[in-house]
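S.K.: Input structure: data.pdb, which contains PDB, C-alpha atoms.
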```pdb
ATOM      1  CA  MET A  16       6.812  -9.474 -15.088  1.00  0.00           C
ATOM      2  CA  LYS A  17       6.698  -6.799 -12.359  1.00  0.00           C
ATOM      3  CA  GLN A  18       3.437  -8.250 -11.011  1.00  0.00           C
ATOM      4  CA  LYS A  19       4.896 -11.781 -10.897  1.00  0.00           C
ATOM      5  CA  VAL A  20       8.004 -10.630  -9.018  1.00  0.00           C
ATOM      6  CA  TYR A  21       5.857  -8.517  -6.670  1.00  0.00           C
ATOM      7  CA  GLU A  22       3.728 -11.549  -5.808  1.00  0.00           C
ATOM      8  CA  LYS A  23       6.820 -13.742  -5.361  1.00  0.00           C
ATOM      9  CA  GLN A  24       8.298 -11.206  -2.920  1.00  0.00           C
ATOM     10  CA  LYS A  25       4.893 -10.687  -1.252  1.00  0.00           C
ATOM     11  CA  GLY A  26       5.282  -6.917  -1.666  1.00  0.00           C
ATOM     12  CA  VAL A  27       8.429  -6.761   0.449  1.00  0.00           C
ATOM     13  CA  CYS A  28      11.498  -4.750  -0.586  1.00  0.00           C
ATOM     14  CA  VAL A  29      14.530  -7.055  -0.631  1.00  0.00           C
ATOM     15  CA  LYS A  30      16.780  -4.369   0.882  1.00  0.00           C
ATOM     16  CA  CYS A  31      14.828  -2.775   3.759  1.00  0.00           C
ATOM     17  CA  ARG A  32      12.346  -5.681   4.218  1.00  0.00           C
ATOM     18  CA  LYS A  33       9.347  -3.299   4.440  1.00  0.00           C
ATOM     19  CA  ARG A  34       6.056  -3.901   2.630  1.00  0.00           C
ATOM     20  CA  PHE A  35       5.053  -1.555  -0.205  1.00  0.00           C
ATOM     21  CA  ALA A  36       2.298  -1.240  -2.776  1.00  0.00           C
ATOM     22  CA  ILE A  37       3.414  -2.281  -6.258  1.00  0.00           C
ATOM     23  CA  GLU A  38       3.291   1.371  -7.400  1.00  0.00           C
ATOM     24  CA  GLU A  39       5.869   2.264  -4.739  1.00  0.00           C
ATOM     25  CA  MET A  40       8.396  -0.291  -5.988  1.00  0.00           C
ATOM     26  CA  GLU A  41      10.861  -0.281  -8.860  1.00  0.00           C
ATOM     27  CA  ALA A  42      12.324  -3.158 -10.834  1.00  0.00           C
ATOM     28  CA  ASP A  43      16.005  -3.911 -10.400  1.00  0.00           C
ATOM     29  CA  HIS A  44      18.339  -6.353 -12.130  1.00  0.00           C
ATOM     30  CA  ILE A  45      20.131  -8.644  -9.683  1.00  0.00           C
ATOM     31  CA  LYS A  46      22.970  -9.032 -12.190  1.00  0.00           C
ATOM     32  CA  PRO A  47      23.173  -5.623 -13.937  1.00  0.00           C
ATOM     33  CA  TRP A  48      22.880  -5.175 -17.692  1.00  0.00           C
ATOM     34  CA  HIS A  49      26.448  -3.864 -17.881  1.00  0.00           C
ATOM     35  CA  GLU A  50      27.646  -7.171 -16.392  1.00  0.00           C
ATOM     36  CA  GLY A  51      25.663  -9.241 -18.878  1.00  0.00           C
ATOM     37  CA  GLY A  52      22.447  -9.603 -16.864  1.00  0.00           C
ATOM     38  CA  HIS A  53      19.199 -10.120 -18.726  1.00  0.00           C
ATOM     39  CA  THR A  54      15.643  -8.989 -18.098  1.00  0.00           C
ATOM     40  CA  THR A  55      14.195 -12.258 -16.881  1.00  0.00           C
ATOM     41  CA  GLU A  56      12.011 -13.090 -13.911  1.00  0.00           C
ATOM     42  CA  ASP A  57      14.934 -14.878 -12.213  1.00  0.00           C
ATOM     43  CA  ASN A  58      17.218 -11.853 -12.594  1.00  0.00           C
ATOM     44  CA  CYS A  59      14.704  -9.246 -11.390  1.00  0.00           C
ATOM     45  CA  GLN A  60      13.841  -8.053  -7.937  1.00  0.00           C
ATOM     46  CA  LEU A  61      11.734  -5.193  -6.652  1.00  0.00           C
ATOM     47  CA  LEU A  62      13.081  -2.521  -4.370  1.00  0.00           C
ATOM     48  CA  CYS A  63      11.325   0.427  -2.789  1.00  0.00           C
ATOM     49  CA  LYS A  64      12.088   3.639  -4.655  1.00  0.00           C
ATOM     50  CA  ASP A  65      14.491   4.918  -1.975  1.00  0.00           C
ATOM     51  CA  ASP A  66      16.560   1.715  -1.880  1.00  0.00           C
ATOM     52  CA  ASN A  67      16.631   1.414  -5.667  1.00  0.00           C
ATOM     53  CA  ARG A  68      17.921   4.978  -6.042  1.00  0.00           C
ATOM     54  CA  ARG A  69      20.608   4.403  -3.404  1.00  0.00           C
ATOM     55  CA  LYS A  70      21.746   1.220  -5.194  1.00  0.00           C
ATOM     56  CA  SER A  71      21.612   2.649  -8.716  1.00  0.00           C
ATOM     57  CA  GLY A  72      24.849   2.454 -10.692  1.00  0.00           C
ATOM     58  CA  ARG A  73      26.740   0.164  -8.306  1.00  0.00           C
TER      59      ARG A  73
END
```
Will you turn the file into structure tokens for me?
M.R.:
Amino acid sequence: MKQKVYEKQKGVCVKCRKRFAIEEMEADHIKPWHEGGHTTEDNCQLLCKDDNRRKSGR
């Protein structure tokens, strides 16, 4: 699933809009698990590691 989302986003972080290698990105739920979000392609996005860590838990 990570590869599919990476290709859909063309390797661009949705927060900072910079391009990264797939290994430099982390999966993120658009609608978090604790709000009932599921792990599906439509509910996943990739963020660079820095942006994902800043967003974590919000």
S.K.: For each of A:His53, A:His44, A:Lys25, A:Lys30, take the minimum atom-to-atom distance to A:Asp66, counting only C-alpha atoms, then give the residue where this is smallest.
M.R.: A:Lys30
S.K.: Give as an mmCIF file with C-alpha atoms, keeping the file's coordinate frame the residues that the PyMOL selection byres ((chain A and resi 18) around 12) matches when applied to the coordinates above.
M.R.:
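Saved result, expr.cif, follows:
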```
data_model
loop_
_atom_site.group_PDB
_atom_site.id
_atom_site.type_symbol
_atom_site.label_atom_id
_atom_site.label_comp_id
_atom_site.auth_asym_id
_atom_site.auth_seq_id
_atom_site.Cartn_x
_atom_site.Cartn_y
_atom_site.Cartn_z
ATOM 1 C CA MET A 16 6.812 -9.474 -15.088
ATOM 2 C CA LYS A 17 6.698 -6.799 -12.359
ATOM 3 C CA LYS A 19 4.896 -11.781 -10.897
ATOM 4 C CA VAL A 20 8.004 -10.630 -9.018
ATOM 5 C CA TYR A 21 5.857 -8.517 -6.670
ATOM 6 C CA GLU A 22 3.728 -11.549 -5.808
ATOM 7 C CA LYS A 23 6.820 -13.742 -5.361
ATOM 8 C CA GLN A 24 8.298 -11.206 -2.920
ATOM 9 C CA LYS A 25 4.893 -10.687 -1.252
ATOM 10 C CA GLY A 26 5.282 -6.917 -1.666
ATOM 11 C CA ALA A 36 2.298 -1.240 -2.776
ATOM 12 C CA ILE A 37 3.414 -2.281 -6.258
ATOM 13 C CA GLU A 38 3.291 1.371 -7.400
ATOM 14 C CA MET A 40 8.396 -0.291 -5.988
ATOM 15 C CA GLU A 41 10.861 -0.281 -8.860
ATOM 16 C CA ALA A 42 12.324 -3.158 -10.834
ATOM 17 C CA GLU A 56 12.011 -13.090 -13.911
ATOM 18 C CA CYS A 59 14.704 -9.246 -11.390
ATOM 19 C CA GLN A 60 13.841 -8.053 -7.937
ATOM 20 C CA LEU A 61 11.734 -5.193 -6.652
#
```
S.K.: By how many Å are atom CA of A:Trp48 and atom CA of A:Lys33 apart?
M.R.: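 A separation of 26.0 Å between them.
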S.K.: For the atom pair atom CA of A:Arg32 and atom CA of A:Leu62, what is the interatomic distance in Å to one decimal place?
M.R.: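 A separation of 9.2 Å between them.
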S.K.: Would you mind reading off the distance between atom CA of A:Val29 and atom CA of A:Arg69, one decimal, in Å?
M.R.: 13.3 Å
S.K.: Could you write out as AutoDock Vina command-line options the box around stretch 40-49 of chain A (axis-aligned, all atoms listed in the file, 8 Å on each side), with centre and edge lengths in Å to one decimal?
M.R.:
```
--center_x 17.4 --center_y -4.7 --center_z -11.9 --size_x 34.1 --size_y 24.8 --size_z 27.9
```
